[in-house]
file entry_28.pdb (PDB, C-alpha atoms and all ligand atoms)
ATOM      1  CA  MET A   1      35.238 108.105 108.023  1.00  0.00           C
ATOM      2  CA  ASN A   2      38.037 110.650 107.758  1.00  0.00           C
ATOM      3  CA  LYS A   3      36.623 114.129 108.293  1.00  0.00           C
ATOM      4  CA  ILE A   4      37.850 117.464 109.590  1.00  0.00           C
ATOM      5  CA  TYR A   5      36.649 118.568 113.017  1.00  0.00           C
ATOM      6  CA  VAL A   6      37.335 122.084 114.226  1.00  0.00           C
ATOM      7  CA  ALA A   7      36.708 122.707 117.922  1.00  0.00           C
ATOM      8  CA  ASN A   8      35.906 126.407 118.266  1.00  0.00           C
ATOM      9  CA  TRP A   9      36.043 127.020 121.983  1.00  0.00           C
ATOM     10  CA  LYS A  10      35.112 130.674 121.624  1.00  0.00           C
ATOM     11  CA  MET A  11      35.324 132.196 125.164  1.00  0.00           C
ATOM     12  CA  TYR A  12      33.673 129.301 126.985  1.00  0.00           C
ATOM     13  CA  PHE A  13      36.722 128.301 129.036  1.00  0.00           C
ATOM     14  CA  THR A  14      39.391 129.995 131.073  1.00  0.00           C
ATOM     15  CA  SER A  15      42.912 129.318 129.908  1.00  0.00           C
ATOM     16  CA  GLN A  16      43.445 126.860 132.784  1.00  0.00           C
ATOM     17  CA  GLN A  17      40.337 124.944 131.756  1.00  0.00           C
ATOM     18  CA  GLU A  18      41.512 124.781 128.136  1.00  0.00           C
ATOM     19  CA  ILE A  19      44.886 123.425 129.164  1.00  0.00           C
ATOM     20  CA  ALA A  20      43.258 120.890 131.524  1.00  0.00           C
ATOM     21  CA  PHE A  21      40.927 119.691 128.718  1.00  0.00           C
ATOM     22  CA  LEU A  22      43.912 118.952 126.480  1.00  0.00           C
ATOM     23  CA  THR A  23      45.996 117.407 129.238  1.00  0.00           C
ATOM     24  CA  ASP A  24      43.203 115.202 130.614  1.00  0.00           C
ATOM     25  CA  ASN A  25      42.053 113.948 127.212  1.00  0.00           C
ATOM     26  CA  LEU A  26      45.334 113.919 125.321  1.00  0.00           C
ATOM     27  CA  ALA A  27      45.501 110.156 124.726  1.00  0.00           C
ATOM     28  CA  GLU A  28      41.940 109.942 123.427  1.00  0.00           C
ATOM     29  CA  LEU A  29      42.245 113.094 121.318  1.00  0.00           C
ATOM     30  CA  THR A  30      45.430 111.647 119.826  1.00  0.00           C
ATOM     31  CA  ALA A  31      43.632 108.378 119.029  1.00  0.00           C
ATOM     32  CA  LEU A  32      40.736 110.286 117.391  1.00  0.00           C
ATOM     33  CA  SER A  33      43.252 112.248 115.315  1.00  0.00           C
ATOM     34  CA  LYS A  34      44.690 109.135 113.735  1.00  0.00           C
ATOM     35  CA  THR A  35      41.701 108.716 111.419  1.00  0.00           C
ATOM     36  CA  ASN A  36      40.406 112.280 111.425  1.00  0.00           C
ATOM     37  CA  THR A  37      41.806 115.795 111.232  1.00  0.00           C
ATOM     38  CA  LEU A  38      41.248 117.450 114.571  1.00  0.00           C
ATOM     39  CA  ILE A  39      41.865 121.188 114.868  1.00  0.00           C
ATOM     40  CA  MET A  40      41.649 122.665 118.358  1.00  0.00           C
ATOM     41  CA  CYS A  41      40.985 126.410 118.527  1.00  0.00           C
ATOM     42  CA  PRO A  42      41.440 127.637 122.101  1.00  0.00           C
ATOM     43  CA  SER A  43      41.797 131.246 123.208  1.00  0.00           C
ATOM     44  CA  PHE A  44      45.010 133.114 122.327  1.00  0.00           C
ATOM     45  CA  LEU A  45      46.226 132.802 125.913  1.00  0.00           C
ATOM     46  CA  SER A  46      46.467 129.009 125.765  1.00  0.00           C
ATOM     47  CA  LEU A  47      48.087 128.602 122.351  1.00  0.00           C
ATOM     48  CA  VAL A  48      51.688 128.475 123.543  1.00  0.00           C
ATOM     49  CA  THR A  49      51.044 125.896 126.267  1.00  0.00           C
ATOM     50  CA  ILE A  50      48.714 123.772 124.155  1.00  0.00           C
ATOM     51  CA  ASN A  51      51.218 123.770 121.311  1.00  0.00           C
ATOM     52  CA  THR A  52      53.722 122.215 123.716  1.00  0.00           C
ATOM     53  CA  ILE A  53      51.191 119.662 124.986  1.00  0.00           C
ATOM     54  CA  ILE A  54      50.232 118.447 121.486  1.00  0.00           C
ATOM     55  CA  LYS A  55      53.761 118.644 120.018  1.00  0.00           C
ATOM     56  CA  ASN A  56      54.229 114.923 119.406  1.00  0.00           C
ATOM     57  CA  THR A  57      50.637 114.192 118.395  1.00  0.00           C
ATOM     58  CA  PRO A  58      48.657 114.560 115.140  1.00  0.00           C
ATOM     59  CA  ILE A  59      46.362 117.115 116.834  1.00  0.00           C
ATOM     60  CA  ASN A  60      46.351 120.484 115.047  1.00  0.00           C
ATOM     61  CA  LEU A  61      46.271 123.942 116.560  1.00  0.00           C
ATOM     62  CA  GLY A  62      44.177 126.848 115.321  1.00  0.00           C
ATOM     63  CA  ALA A  63      43.417 130.393 116.450  1.00  0.00           C
ATOM     64  CA  GLN A  64      40.012 132.033 116.544  1.00  0.00           C
ATOM     65  CA  ASN A  65      41.090 135.305 114.971  1.00  0.00           C
ATOM     66  CA  CYS A  66      44.116 137.339 113.872  1.00  0.00           C
ATOM     67  CA  SER A  67      45.012 140.951 113.260  1.00  0.00           C
ATOM     68  CA  THR A  68      44.774 142.640 109.871  1.00  0.00           C
ATOM     69  CA  LYS A  69      48.289 143.947 110.486  1.00  0.00           C
ATOM     70  CA  ASP A  70      51.768 142.481 110.447  1.00  0.00           C
ATOM     71  CA  ASP A  71      53.030 144.297 113.545  1.00  0.00           C
ATOM     72  CA  GLY A  72      53.043 147.809 115.007  1.00  0.00           C
ATOM     73  CA  PRO A  73      50.989 150.048 117.296  1.00  0.00           C
ATOM     74  CA  TYR A  74      47.787 147.984 117.421  1.00  0.00           C
ATOM     75  CA  THR A  75      46.826 147.618 121.077  1.00  0.00           C
ATOM     76  CA  GLY A  76      45.174 144.336 121.927  1.00  0.00           C
ATOM     77  CA  GLU A  77      45.802 142.701 118.552  1.00  0.00           C
ATOM     78  CA  VAL A  78      47.561 139.397 117.826  1.00  0.00           C
ATOM     79  CA  SER A  79      49.359 138.988 114.503  1.00  0.00           C
ATOM     80  CA  ALA A  80      49.263 135.990 112.179  1.00  0.00           C
ATOM     81  CA  LYS A  81      53.066 136.163 112.371  1.00  0.00           C
ATOM     82  CA  SER A  82      52.889 135.422 116.116  1.00  0.00           C
ATOM     83  CA  LEU A  83      50.311 132.708 115.604  1.00  0.00           C
ATOM     84  CA  ALA A  84      52.560 130.942 113.102  1.00  0.00           C
ATOM     85  CA  GLU A  85      55.441 131.241 115.561  1.00  0.00           C
ATOM     86  CA  VAL A  86      53.486 129.353 118.245  1.00  0.00           C
ATOM     87  CA  GLY A  87      52.483 126.498 115.951  1.00  0.00           C
ATOM     88  CA  CYS A  88      49.077 127.607 114.690  1.00  0.00           C
ATOM     89  CA  HIS A  89      48.486 126.078 111.288  1.00  0.00           C
ATOM     90  CA  TYR A  90      44.863 127.236 111.098  1.00  0.00           C
ATOM     91  CA  CYS A  91      42.936 130.411 111.914  1.00  0.00           C
ATOM     92  CA  ILE A  92      39.183 131.042 111.931  1.00  0.00           C
ATOM     93  CA  ILE A  93      38.462 134.133 109.845  1.00  0.00           C
ATOM     94  CA  GLY A  94      35.200 136.069 109.500  1.00  0.00           C
ATOM     95  CA  HIS A  95      33.165 134.174 112.081  1.00  0.00           C
ATOM     96  CA  SER A  96      29.641 135.625 112.252  1.00  0.00           C
ATOM     97  CA  GLU A  97      30.181 136.548 115.907  1.00  0.00           C
ATOM     98  CA  ARG A  98      33.143 138.707 114.846  1.00  0.00           C
ATOM     99  CA  ARG A  99      31.169 140.142 111.939  1.00  0.00           C
ATOM    100  CA  ALA A 100      28.402 141.045 114.429  1.00  0.00           C
ATOM    101  CA  TYR A 101      30.302 142.072 117.577  1.00  0.00           C
ATOM    102  CA  ALA A 102      33.611 143.318 116.168  1.00  0.00           C
ATOM    103  CA  TYR A 103      32.045 144.806 113.020  1.00  0.00           C
ATOM    104  CA  GLU A 104      34.273 142.839 110.683  1.00  0.00           C
ATOM    105  CA  THR A 105      33.558 143.734 107.083  1.00  0.00           C
ATOM    106  CA  THR A 106      34.597 141.987 103.896  1.00  0.00           C
ATOM    107  CA  SER A 107      37.552 144.351 103.505  1.00  0.00           C
ATOM    108  CA  ILE A 108      38.763 143.601 107.047  1.00  0.00           C
ATOM    109  CA  ILE A 109      38.371 139.868 106.405  1.00  0.00           C
ATOM    110  CA  LYS A 110      40.385 140.239 103.177  1.00  0.00           C
ATOM    111  CA  GLU A 111      43.227 141.889 105.090  1.00  0.00           C
ATOM    112  CA  LYS A 112      43.206 139.012 107.569  1.00  0.00           C
ATOM    113  CA  LEU A 113      43.390 136.536 104.690  1.00  0.00           C
ATOM    114  CA  ASP A 114      46.418 138.412 103.355  1.00  0.00           C
ATOM    115  CA  GLN A 115      48.013 137.876 106.741  1.00  0.00           C
ATOM    116  CA  THR A 116      47.235 134.157 106.967  1.00  0.00           C
ATOM    117  CA  SER A 117      48.525 133.696 103.398  1.00  0.00           C
ATOM    118  CA  THR A 118      51.746 135.525 104.211  1.00  0.00           C
ATOM    119  CA  TYR A 119      52.450 133.340 107.236  1.00  0.00           C
ATOM    120  CA  GLY A 120      51.368 129.995 105.802  1.00  0.00           C
ATOM    121  CA  ILE A 121      48.297 129.599 108.006  1.00  0.00           C
ATOM    122  CA  THR A 122      45.270 127.824 106.526  1.00  0.00           C
ATOM    123  CA  PRO A 123      42.247 130.085 106.975  1.00  0.00           C
ATOM    124  CA  ILE A 124      38.907 128.658 108.094  1.00  0.00           C
ATOM    125  CA  ILE A 125      36.653 131.141 106.325  1.00  0.00           C
ATOM    126  CA  CYS A 126      33.159 131.395 107.797  1.00  0.00           C
ATOM    127  CA  ILE A 127      30.188 132.356 105.664  1.00  0.00           C
ATOM    128  CA  GLY A 128      26.456 131.998 106.113  1.00  0.00           C
ATOM    129  CA  GLU A 129      23.081 133.671 105.910  1.00  0.00           C
ATOM    130  CA  THR A 130      20.834 135.053 108.659  1.00  0.00           C
ATOM    131  CA  ASP A 131      17.368 133.726 109.402  1.00  0.00           C
ATOM    132  CA  GLN A 132      15.796 136.658 107.561  1.00  0.00           C
ATOM    133  CA  GLU A 133      17.981 136.097 104.519  1.00  0.00           C
ATOM    134  CA  LYS A 134      17.091 132.395 104.504  1.00  0.00           C
ATOM    135  CA  ASN A 135      13.381 133.191 104.739  1.00  0.00           C
ATOM    136  CA  ASP A 136      13.723 135.700 101.906  1.00  0.00           C
ATOM    137  CA  GLY A 137      15.307 132.974  99.743  1.00  0.00           C
ATOM    138  CA  LYS A 138      18.626 134.847  99.611  1.00  0.00           C
ATOM    139  CA  THR A 139      21.014 132.151 100.889  1.00  0.00           C
ATOM    140  CA  LYS A 140      22.760 131.645  97.531  1.00  0.00           C
ATOM    141  CA  ASP A 141      23.157 135.395  96.995  1.00  0.00           C
ATOM    142  CA  ILE A 142      24.597 135.881 100.488  1.00  0.00           C
ATOM    143  CA  LEU A 143      27.113 133.063 100.068  1.00  0.00           C
ATOM    144  CA  LYS A 144      28.214 134.594  96.763  1.00  0.00           C
ATOM    145  CA  GLU A 145      28.344 138.096  98.235  1.00  0.00           C
ATOM    146  CA  GLN A 146      30.484 136.914 101.151  1.00  0.00           C
ATOM    147  CA  LEU A 147      32.790 134.469  99.377  1.00  0.00           C
ATOM    148  CA  ILE A 148      33.473 135.897  95.894  1.00  0.00           C
ATOM    149  CA  PRO A 149      35.343 139.026  97.093  1.00  0.00           C
ATOM    150  CA  LEU A 150      37.495 136.898  99.390  1.00  0.00           C
ATOM    151  CA  ILE A 151      38.735 134.636  96.629  1.00  0.00           C
ATOM    152  CA  THR A 152      40.743 137.477  95.124  1.00  0.00           C
ATOM    153  CA  ALA A 153      42.621 137.829  98.434  1.00  0.00           C
ATOM    154  CA  LEU A 154      43.836 134.246  98.285  1.00  0.00           C
ATOM    155  CA  THR A 155      47.209 133.219  96.980  1.00  0.00           C
ATOM    156  CA  PRO A 156      46.909 130.905  93.953  1.00  0.00           C
ATOM    157  CA  ARG A 157      47.349 127.238  94.890  1.00  0.00           C
ATOM    158  CA  SER A 158      46.629 127.920  98.547  1.00  0.00           C
ATOM    159  CA  SER A 159      44.524 125.661 100.740  1.00  0.00           C
ATOM    160  CA  ILE A 160      41.483 126.912 102.606  1.00  0.00           C
ATOM    161  CA  LEU A 161      38.620 125.572 104.658  1.00  0.00           C
ATOM    162  CA  ILE A 162      35.241 127.153 103.999  1.00  0.00           C
ATOM    163  CA  ALA A 163      32.813 126.827 106.890  1.00  0.00           C
ATOM    164  CA  TYR A 164      29.176 127.160 105.932  1.00  0.00           C
ATOM    165  CA  GLU A 165      27.683 128.445 109.153  1.00  0.00           C
ATOM    166  CA  PRO A 166      24.114 129.690 108.894  1.00  0.00           C
ATOM    167  CA  VAL A 167      23.877 132.483 111.481  1.00  0.00           C
ATOM    168  CA  TRP A 168      20.460 131.192 112.603  1.00  0.00           C
ATOM    169  CA  ALA A 169      21.964 127.812 113.458  1.00  0.00           C
ATOM    170  CA  ILE A 170      24.912 129.056 115.533  1.00  0.00           C
ATOM    171  CA  GLY A 171      24.329 128.582 119.240  1.00  0.00           C
ATOM    172  CA  SER A 172      20.570 128.294 118.696  1.00  0.00           C
ATOM    173  CA  GLY A 173      20.161 124.548 119.113  1.00  0.00           C
ATOM    174  CA  ILE A 174      18.633 124.512 115.620  1.00  0.00           C
ATOM    175  CA  VAL A 175      20.753 122.560 113.188  1.00  0.00           C
ATOM    176  CA  SER A 176      20.459 123.009 109.431  1.00  0.00           C
ATOM    177  CA  THR A 177      19.043 120.213 107.288  1.00  0.00           C
ATOM    178  CA  PRO A 178      21.055 117.888 105.022  1.00  0.00           C
ATOM    179  CA  LYS A 179      19.162 119.382 102.067  1.00  0.00           C
ATOM    180  CA  LEU A 180      20.118 122.989 102.910  1.00  0.00           C
ATOM    181  CA  ILE A 181      23.690 121.954 103.689  1.00  0.00           C
ATOM    182  CA  ASN A 182      24.048 120.166 100.351  1.00  0.00           C
ATOM    183  CA  GLU A 183      22.566 123.167  98.543  1.00  0.00           C
ATOM    184  CA  ALA A 184      25.123 125.415 100.232  1.00  0.00           C
ATOM    185  CA  CYS A 185      27.911 122.991  99.237  1.00  0.00           C
ATOM    186  CA  ALA A 186      26.727 123.172  95.622  1.00  0.00           C
ATOM    187  CA  THR A 187      26.698 126.973  95.704  1.00  0.00           C
ATOM    188  CA  ILE A 188      30.190 127.071  97.213  1.00  0.00           C
ATOM    189  CA  ALA A 189      31.441 124.606  94.576  1.00  0.00           C
ATOM    190  CA  THR A 190      30.018 126.827  91.813  1.00  0.00           C
ATOM    191  CA  ILE A 191      31.768 129.869  93.278  1.00  0.00           C
ATOM    192  CA  MET A 192      35.062 128.017  93.746  1.00  0.00           C
ATOM    193  CA  HIS A 193      34.902 126.795  90.156  1.00  0.00           C
ATOM    194  CA  HIS A 194      36.155 130.282  89.289  1.00  0.00           C
ATOM    195  CA  ALA A 195      39.279 129.756  91.414  1.00  0.00           C
ATOM    196  CA  PRO A 196      40.498 126.409  90.089  1.00  0.00           C
ATOM    197  CA  THR A 197      43.932 126.575  91.730  1.00  0.00           C
ATOM    198  CA  ILE A 198      42.572 127.022  95.252  1.00  0.00           C
ATOM    199  CA  HIS A 199      42.373 123.772  97.177  1.00  0.00           C
ATOM    200  CA  TYR A 200      39.289 123.971  99.378  1.00  0.00           C
ATOM    201  CA  LYS A 201      37.248 121.814 101.682  1.00  0.00           C
ATOM    202  CA  ILE A 202      33.807 122.606 103.063  1.00  0.00           C
ATOM    203  CA  LEU A 203      32.747 122.400 106.692  1.00  0.00           C
ATOM    204  CA  TYR A 204      29.348 122.844 108.268  1.00  0.00           C
ATOM    205  CA  GLY A 205      28.902 124.654 111.570  1.00  0.00           C
ATOM    206  CA  GLY A 206      25.912 125.536 113.703  1.00  0.00           C
ATOM    207  CA  SER A 207      24.541 123.647 116.741  1.00  0.00           C
ATOM    208  CA  ILE A 208      26.272 120.368 115.892  1.00  0.00           C
ATOM    209  CA  GLN A 209      25.570 117.746 118.540  1.00  0.00           C
ATOM    210  CA  SER A 210      26.145 114.016 118.692  1.00  0.00           C
ATOM    211  CA  THR A 211      22.425 113.365 118.281  1.00  0.00           C
ATOM    212  CA  HIS A 212      22.479 114.457 114.651  1.00  0.00           C
ATOM    213  CA  SER A 213      26.154 114.322 113.638  1.00  0.00           C
ATOM    214  CA  ALA A 214      25.819 110.866 112.030  1.00  0.00           C
ATOM    215  CA  GLU A 215      23.119 112.186 109.707  1.00  0.00           C
ATOM    216  CA  LEU A 216      25.142 115.276 108.826  1.00  0.00           C
ATOM    217  CA  LYS A 217      28.192 113.141 108.012  1.00  0.00           C
ATOM    218  CA  LYS A 218      26.193 111.785 105.053  1.00  0.00           C
ATOM    219  CA  THR A 219      26.042 115.250 103.454  1.00  0.00           C
ATOM    220  CA  ASN A 220      28.654 116.585 101.035  1.00  0.00           C
ATOM    221  CA  VAL A 221      30.688 118.420 103.671  1.00  0.00           C
ATOM    222  CA  ASP A 222      34.261 117.429 104.490  1.00  0.00           C
ATOM    223  CA  GLY A 223      33.901 118.187 108.172  1.00  0.00           C
ATOM    224  CA  PHE A 224      32.421 120.303 110.919  1.00  0.00           C
ATOM    225  CA  LEU A 225      33.058 123.449 112.930  1.00  0.00           C
ATOM    226  CA  ILE A 226      31.825 122.681 116.421  1.00  0.00           C
ATOM    227  CA  GLY A 227      31.229 125.334 119.044  1.00  0.00           C
ATOM    228  CA  LYS A 228      29.533 124.584 122.361  1.00  0.00           C
ATOM    229  CA  ALA A 229      29.471 120.786 121.916  1.00  0.00           C
ATOM    230  CA  SER A 230      33.263 120.740 121.544  1.00  0.00           C
ATOM    231  CA  THR A 231      33.679 121.938 125.136  1.00  0.00           C
ATOM    232  CA  ASP A 232      32.307 118.615 126.431  1.00  0.00           C
ATOM    233  CA  PHE A 233      34.864 115.912 125.734  1.00  0.00           C
ATOM    234  CA  GLN A 234      32.395 112.988 125.760  1.00  0.00           C
ATOM    235  CA  GLU A 235      30.160 114.858 123.344  1.00  0.00           C
ATOM    236  CA  LEU A 236      33.085 115.787 121.088  1.00  0.00           C
ATOM    237  CA  LYS A 237      34.226 112.166 121.094  1.00  0.00           C
ATOM    238  CA  LYS A 238      30.778 110.937 120.044  1.00  0.00           C
ATOM    239  CA  ILE A 239      30.658 113.478 117.204  1.00  0.00           C
ATOM    240  CA  VAL A 240      34.112 112.538 115.888  1.00  0.00           C
ATOM    241  CA  SER A 241      33.840 108.758 116.388  1.00  0.00           C
TER     242      SER A 241
HETATM  243  P1  LIG A 301      27.798 126.156 117.933  1.00  0.00           P
HETATM  244  O1  LIG A 301      28.868 127.130 117.284  1.00  0.00           O
HETATM  245  O2  LIG A 301      28.209 124.751 117.572  1.00  0.00           O
HETATM  246  O3  LIG A 301      27.860 126.421 119.400  1.00  0.00           O
HETATM  247  O4  LIG A 301      26.479 126.507 117.339  1.00  0.00           O
HETATM  248  C1  LIG A 301      29.414 126.881 116.022  1.00  0.00           C
HETATM  249  C2  LIG A 301      30.313 128.019 115.631  1.00  0.00           C
HETATM  250  O5  LIG A 301      29.952 129.180 115.855  1.00  0.00           O
HETATM  251  O6  LIG A 301      31.422 127.824 115.137  1.00  0.00           O
END

call {"tool": "encode", "arguments": {"input": "entry_28.pdb", "output": "structure tokens"}}
result
Amino acid sequence: MNKIYVANWKMYFTSQQEIAFLTDNLAELTALSKTNTLIMCPSFLSLVTINTIIKNTPINLGAQNCSTKDDGPYTGEVSAKSLAEVGCHYCIIGHSERRAYAYETTSIIKEKLDQTSTYGITPIICIGETDQEKNDGKTKDILKEQLIPLITALTPRSSILIAYEPVWAIGSGIVSTPKLINEACATIATIMHHAPTIHYKILYGGSIQSTHSAELKKTNVDGFLIGKASTDFQELKKIVS
């Protein structure tokens, strides 16, 4: 079944380890990419080398973040312009870890979307509720609150990936249920109904493992955003296969 798989390596590997993963598993990753869309998101440091390694394959390259700015005196930042230059066609935007640890707000995320739009990078926009919000029955409201303001920052007719990532499921070992995932897909579809020119696909992320990926493939999502499990090639292969 053709689905989209985003490997979000976060900061699990060193750059050498990321490069070795691609080099060692290149043939099999290439084979998996023939029937699926595989998007590898290593650290910034490895993008240039990995872009060279995957050059003649269908494997896609993505970044985990980008600056809100085009260029200038912004120490430690990496621009979407640079990412495009090194072959990144995707960029994760608004991941809950960045919202929590780097204090990214909706207005910051909007600026980043402006940047990805400008440089032709498809954003992987992450949204999702916390455990408390889920328990309070606020999931729909949170998805609306997070996604609606971002739609205005998108260029008409652009393509985006929307990753529904419940915060309580990320890195916790607790995966969401098909029912909750399908409800989130329905909410996202209702929101996106108001932006008919935007071409979107929905991903699910949060503790995906091979033990339950087959069940989750039967939901309405178009693919998955995989964190920890994507750092183990055999596990990644089982999820994608
Ligand atoms: P996880 O991470 O699969 O390790 O839970 C998913 C994500 O944060 O993208």

call {"tool": "atom_distance", "arguments": {"input": "entry_28.pdb", "atom1": "atom CA of Ser67 of chain A", "atom2": "atom CA of Ala80 of chain A"}}
result
6.6 Å

call {"tool": "residues_near_ligand", "arguments": {"input": "entry_28.pdb", "ligand": "ligand LIG 301 (chain A)", "cutoff": "8 Å", "atoms": "only C-alpha atoms and all ligand atoms", "output": "PDB file with C-alpha atoms, in the coordinates of the input"}}
result
ATOM      1  CA  ALA A   7      36.708 122.707 117.922  1.00  0.00           C
ATOM      2  CA  ASN A   8      35.906 126.407 118.266  1.00  0.00           C
ATOM      3  CA  LYS A  10      35.112 130.674 121.624  1.00  0.00           C
ATOM      4  CA  HIS A  95      33.165 134.174 112.081  1.00  0.00           C
ATOM      5  CA  SER A  96      29.641 135.625 112.252  1.00  0.00           C
ATOM      6  CA  GLU A  97      30.181 136.548 115.907  1.00  0.00           C
ATOM      7  CA  GLU A 165      27.683 128.445 109.153  1.00  0.00           C
ATOM      8  CA  ALA A 169      21.964 127.812 113.458  1.00  0.00           C
ATOM      9  CA  ILE A 170      24.912 129.056 115.533  1.00  0.00           C
ATOM     10  CA  GLY A 171      24.329 128.582 119.240  1.00  0.00           C
ATOM     11  CA  SER A 172      20.570 128.294 118.696  1.00  0.00           C
ATOM     12  CA  GLY A 173      20.161 124.548 119.113  1.00  0.00           C
ATOM     13  CA  GLY A 205      28.902 124.654 111.570  1.00  0.00           C
ATOM     14  CA  GLY A 206      25.912 125.536 113.703  1.00  0.00           C
ATOM     15  CA  SER A 207      24.541 123.647 116.741  1.00  0.00           C
ATOM     16  CA  ILE A 208      26.272 120.368 115.892  1.00  0.00           C
ATOM     17  CA  GLN A 209      25.570 117.746 118.540  1.00  0.00           C
ATOM     18  CA  LEU A 225      33.058 123.449 112.930  1.00  0.00           C
ATOM     19  CA  ILE A 226      31.825 122.681 116.421  1.00  0.00           C
ATOM     20  CA  GLY A 227      31.229 125.334 119.044  1.00  0.00           C
ATOM     21  CA  LYS A 228      29.533 124.584 122.361  1.00  0.00           C
ATOM     22  CA  ALA A 229      29.471 120.786 121.916  1.00  0.00           C
ATOM     23  CA  SER A 230      33.263 120.740 121.544  1.00  0.00           C
TER      24      SER A 230
END

call {"tool": "closest_residue", "arguments": {"input": "entry_28.pdb", "among": "A:Ile59, A:Leu180, A:Cys91, A:Ile121", "to": "Phe44 of chain A", "atoms": "all atoms listed in the file"}}
result
A:Cys91

call {"tool": "resolve_selection", "arguments": {"input": "entry_28.pdb", "expression": "the PyMOL selection byres (((chain A and resi 47-49) around 9) and not hetatm)", "output": "number ranges by chain"}}
result
A: 19, 41-46, 50-54, 61-63, 83, 86-88

call {"tool": "atom_distance", "arguments": {"input": "entry_28.pdb", "atom1": "atom CA of Ser176 of chain A", "atom2": "atom CA of Ile162 of chain A"}}
result
16.3 Å

call {"tool": "closest_residue", "arguments": {"input": "entry_28.pdb", "among": "A:Ala163, A:Ile92, A:Ile127, A:Leu29", "to": "Gln146 of chain A", "atoms": "all atoms listed in the file"}}
result
A:Ile127

call {"tool": "closest_residue", "arguments": {"input": "entry_28.pdb", "among": "A:Thr197, A:Thr231, A:Ser117, A:Ser210", "to": "Cys66 of chain A", "atoms": "all atoms listed in the file"}}
result
A:Ser117

call {"tool": "decode", "arguments": {"input": "entry_28.pdb", "residues": "segment 155-190 of chain A", "atoms": "C-alpha atoms", "output": "CSV table (one decimal), in the first residue's frame"}}
result
chain,number,residue,atom,x,y,z
A,155,THR,CA,0.3,29.9,-0.5
A,156,PRO,CA,-2.8,29.0,-2.4
A,157,ARG,CA,-2.4,25.7,-4.3
A,158,SER,CA,0.5,24.6,-2.2
A,159,SER,CA,1.0,21.1,-0.9
A,160,ILE,CA,1.4,20.3,2.8
A,161,LEU,CA,1.6,17.3,5.1
A,162,ILE,CA,-0.3,17.6,8.3
A,163,ALA,CA,1.0,15.3,11.1
A,164,TYR,CA,-1.5,14.6,13.8
A,165,GLU,CA,0.8,13.9,16.7
A,166,PRO,CA,-1.0,13.7,20.1
A,167,VAL,CA,1.6,15.0,22.6
A,168,TRP,CA,0.8,12.1,25.0
A,169,ALA,CA,1.7,9.5,22.4
A,170,ILE,CA,5.1,11.0,21.4
A,171,GLY,CA,7.9,8.9,22.8
A,172,SER,CA,5.6,7.5,25.5
A,173,GLY,CA,5.1,4.0,24.0
A,174,ILE,CA,1.4,4.7,24.1
A,175,VAL,CA,0.0,4.7,20.6
A,176,SER,CA,-3.3,6.4,19.8
A,177,THR,CA,-6.3,4.3,18.7
A,178,PRO,CA,-7.7,4.0,15.2
A,179,LYS,CA,-10.9,5.6,16.5
A,180,LEU,CA,-9.1,8.7,17.8
A,181,ILE,CA,-6.9,8.9,14.7
A,182,ASN,CA,-9.9,8.8,12.4
A,183,GLU,CA,-11.7,11.4,14.5
A,184,ALA,CA,-8.7,13.7,14.2
A,185,CYS,CA,-8.6,13.0,10.4
A,186,ALA,CA,-12.3,14.1,10.2
A,187,THR,CA,-11.6,17.3,12.2
A,188,ILE,CA,-8.6,18.1,10.0
A,189,ALA,CA,-10.7,17.5,6.8
A,190,THR,CA,-13.4,19.9,8.2
